[in-house]
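S.K.: Quick one: structure below, then a few questions.
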Amino acid sequence: QVQLVESGGGLVQAGGSLRLSCAASGRSFSSYDMGWFRQAPGKEREFVAAIKWTGGRTYSADYAGSVKGRFTISRDNNKNTVYLQMSSLKPEDTAVYYCAADLGRPTYGLKSLPGEYAYWGQGTQVTVSS
């Protein structure tokens, strides 16, 4: 069982930056695929970024087109934590941001659908004012 706790959300002006953190409990964090999703009011949960275990100590990352070049996902396996650095924030980035985890399978593709992740955090609110 993996428990995830997000932090770092808040209110920021357009053009500003925030860094979200997701602390994971449990063992073997380094072999888990980790993802960030977001959900705005009245909308479905959508993929933001993921960092996938590709075997050994290697990982690959990918992003939704709407955040590519502005957001960066990273992980610190010593701290069992995954981060989402968000820059050049826009009002349309306003949403509840969720961290997700699933056991990594190196031969599988990167996971970008909510149903592909077994574990979820409670979410953290990000509000970007114009």
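So you can find residues: chains in the structure tokens are A, B, ... in the order shown, residues in each start at 1, and ligands are numbered from 1 in order.
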For segment 117-124 of chain A, please output as number ranges by chain all residues within 9 Å (counting only C-alpha atoms; exclusion window: fewer than 3 positions along the same chain).

M.R.: A: 1-10, 20, 22, 33-35, 38, 95-103, 111-114

S.K.: Would you save the residues from that selection as a compact mmCIF listing (two decimals), in the first residue's frame, using C-alpha atoms?

M.R.:
```txt
# COMPACT_ATOMS: atom_id res chain seq x y z
CA GLN A 1 0.00 0.00 0.00
CA VAL A 2 1.25 3.46 -0.92
CA GLN A 3 0.05 6.66 0.68
CA LEU A 4 0.59 9.98 -1.04
CA VAL A 5 0.46 13.45 0.51
CA GLU A 6 0.63 16.55 -1.67
CA SER A 7 1.71 19.99 -0.52
CA GLY A 8 2.77 23.32 -1.96
CA GLY A 9 -0.44 24.56 -3.49
CA GLY A 10 -1.70 28.10 -2.99
CA LEU A 20 4.23 21.06 -5.59
CA CYS A 22 4.17 14.66 -3.14
CA ASP A 33 5.75 5.44 -11.89
CA MET A 34 4.57 8.81 -10.62
CA GLY A 35 2.13 11.22 -12.19
CA ARG A 38 -5.37 18.20 -12.22
CA ALA A 95 -7.27 23.39 -10.44
CA VAL A 96 -6.86 20.82 -7.73
CA TYR A 97 -3.63 19.00 -8.42
CA TYR A 98 -3.36 15.31 -7.60
CA CYS A 99 -0.34 13.09 -7.26
CA ALA A 100 -0.65 9.48 -8.43
CA ALA A 101 1.50 6.37 -8.20
CA ASP A 102 1.58 2.95 -9.76
CA LEU A 103 4.07 0.12 -9.73
CA LYS A 111 0.95 6.27 -18.12
CA SER A 112 -1.19 9.30 -18.83
CA LEU A 113 -4.68 8.10 -17.92
CA PRO A 114 -6.10 8.30 -14.41
```

S.K.: Using only C-alpha atoms, which protein or nucleic acid residues come within 12 Å of Gly69 of chain A? Drop anything in the same chain fewer than 4 positions from it, and give the result as a list in words.

M.R.: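 Listing them by chain and then by number gives Val48, Ala49, Asp62, Tyr63, Ala64, Gly65, Ile73, Gln85, Met86, Ser87, Ser88 and Leu89 of chain A.
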
S.K.: Got time to write the residues from that selection, N, CA and C atoms, as a CSV table (one decimal), in the first residue's frame?

M.R.:
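Saved the output as result_2.csv:
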```
chain,number,residue,atom,x,y,z
A,48,VAL,N,-1.2,15.9,-16.4
A,48,VAL,CA,-0.3,17.0,-16.4
A,48,VAL,C,1.1,16.6,-16.8
A,49,ALA,N,1.6,15.6,-16.0
A,49,ALA,CA,3.0,15.2,-16.2
A,49,ALA,C,3.2,13.8,-15.5
A,62,ASP,N,7.3,12.9,-19.3
A,62,ASP,CA,6.5,13.5,-20.4
A,62,ASP,C,5.4,14.4,-19.8
A,63,TYR,N,4.9,15.3,-20.6
A,63,TYR,CA,4.0,16.4,-20.2
A,63,TYR,C,2.8,16.5,-21.1
A,64,ALA,N,1.8,17.1,-20.6
A,64,ALA,CA,0.7,17.5,-21.4
A,64,ALA,C,1.1,18.7,-22.3
A,65,GLY,N,0.6,18.8,-23.4
A,65,GLY,CA,1.0,19.9,-24.3
A,65,GLY,C,0.8,21.2,-23.7
A,73,ILE,N,8.6,18.0,-14.0
A,73,ILE,CA,8.4,16.9,-13.0
A,73,ILE,C,9.8,16.3,-12.6
A,85,GLN,N,7.5,21.4,-10.5
A,85,GLN,CA,7.8,22.8,-10.6
A,85,GLN,C,7.0,23.5,-11.7
A,86,MET,N,6.2,24.5,-11.3
A,86,MET,CA,5.3,25.1,-12.2
A,86,MET,C,5.8,26.6,-12.4
A,87,SER,N,6.0,27.0,-13.6
A,87,SER,CA,6.4,28.4,-13.9
A,87,SER,C,5.5,29.0,-14.9
A,88,SER,N,5.6,30.3,-15.1
A,88,SER,CA,4.8,31.0,-16.0
A,88,SER,C,3.3,30.6,-15.9
A,89,LEU,N,2.8,30.6,-14.7
A,89,LEU,CA,1.5,30.1,-14.5
A,89,LEU,C,0.4,31.0,-15.1
```

S.K.: Separation of atom CA of Thr94 of chain A and atom CA of Glu116 of chain A, in Å?

M.R.: 23.6 Å

S.K.: Between A:Arg75, A:Arg27, A:Lys52, A:Lys90, single out the one closest to Thr127 of chain A, counting only C-alpha atoms.

M.R.: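 Of A:Arg75, A:Arg27, A:Lys52, A:Lys90, the one nearest Thr127 of chain A, counting only C-alpha atoms, is A:Lys90.
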
S.K.: For Ser60 of chain A, list every protein, DNA or RNA residue within 9 Å, evaluated using only C-alpha atoms, and leave out those in the same chain fewer than 5 positions away; present the list as a PDB file with N, CA and C atoms, in the first residue's frame.

M.R.:
```pdb
ATOM      1  N   ALA A  50       4.187  13.077 -15.991  1.00  0.00           N
ATOM      2  CA  ALA A  50       4.505  11.787 -15.390  1.00  0.00           C
ATOM      3  C   ALA A  50       5.987  11.523 -15.529  1.00  0.00           C
ATOM      4  N   ILE A  51       6.482  10.766 -14.575  1.00  0.00           N
ATOM      5  CA  ILE A  51       7.868  10.323 -14.632  1.00  0.00           C
ATOM      6  C   ILE A  51       7.853   8.821 -14.409  1.00  0.00           C
ATOM      7  N   LYS A  52       8.355   8.123 -15.404  1.00  0.00           N
ATOM      8  CA  LYS A  52       8.208   6.673 -15.450  1.00  0.00           C
ATOM      9  C   LYS A  52       9.535   5.981 -15.197  1.00  0.00           C
ATOM     10  N   TRP A  53       9.479   4.902 -14.423  1.00  0.00           N
ATOM     11  CA  TRP A  53      10.641   4.080 -14.192  1.00  0.00           C
ATOM     12  C   TRP A  53      10.900   3.233 -15.446  1.00  0.00           C
ATOM     13  N   THR A  54      12.094   3.323 -16.003  1.00  0.00           N
ATOM     14  CA  THR A  54      12.423   2.575 -17.210  1.00  0.00           C
ATOM     15  C   THR A  54      13.420   1.458 -16.940  1.00  0.00           C
ATOM     16  N   LEU A 110       4.564   5.083 -20.964  1.00  0.00           N
ATOM     17  CA  LEU A 110       4.288   6.059 -19.918  1.00  0.00           C
ATOM     18  C   LEU A 110       2.776   6.174 -19.717  1.00  0.00           C
TER      19      LEU A 110
END
```

S.K.: I'd like the neighbourhood of Thr58 of chain A as a VMD selection string, where a residue qualifies if any of its atoms comes within 10 Å (using only C-alpha atoms), though same-chain residues fewer than 6 positions away should be ignored.

M.R.: chain A and resid 30 to 31 52 106

S.K.: Can you work out which one of A:Trp36, A:Phe29, A:Tyr59, A:Tyr108 has the shortest atom-to-atom distance to Thr72 of chain A, counting only C-alpha atoms?

M.R.: A:Trp36
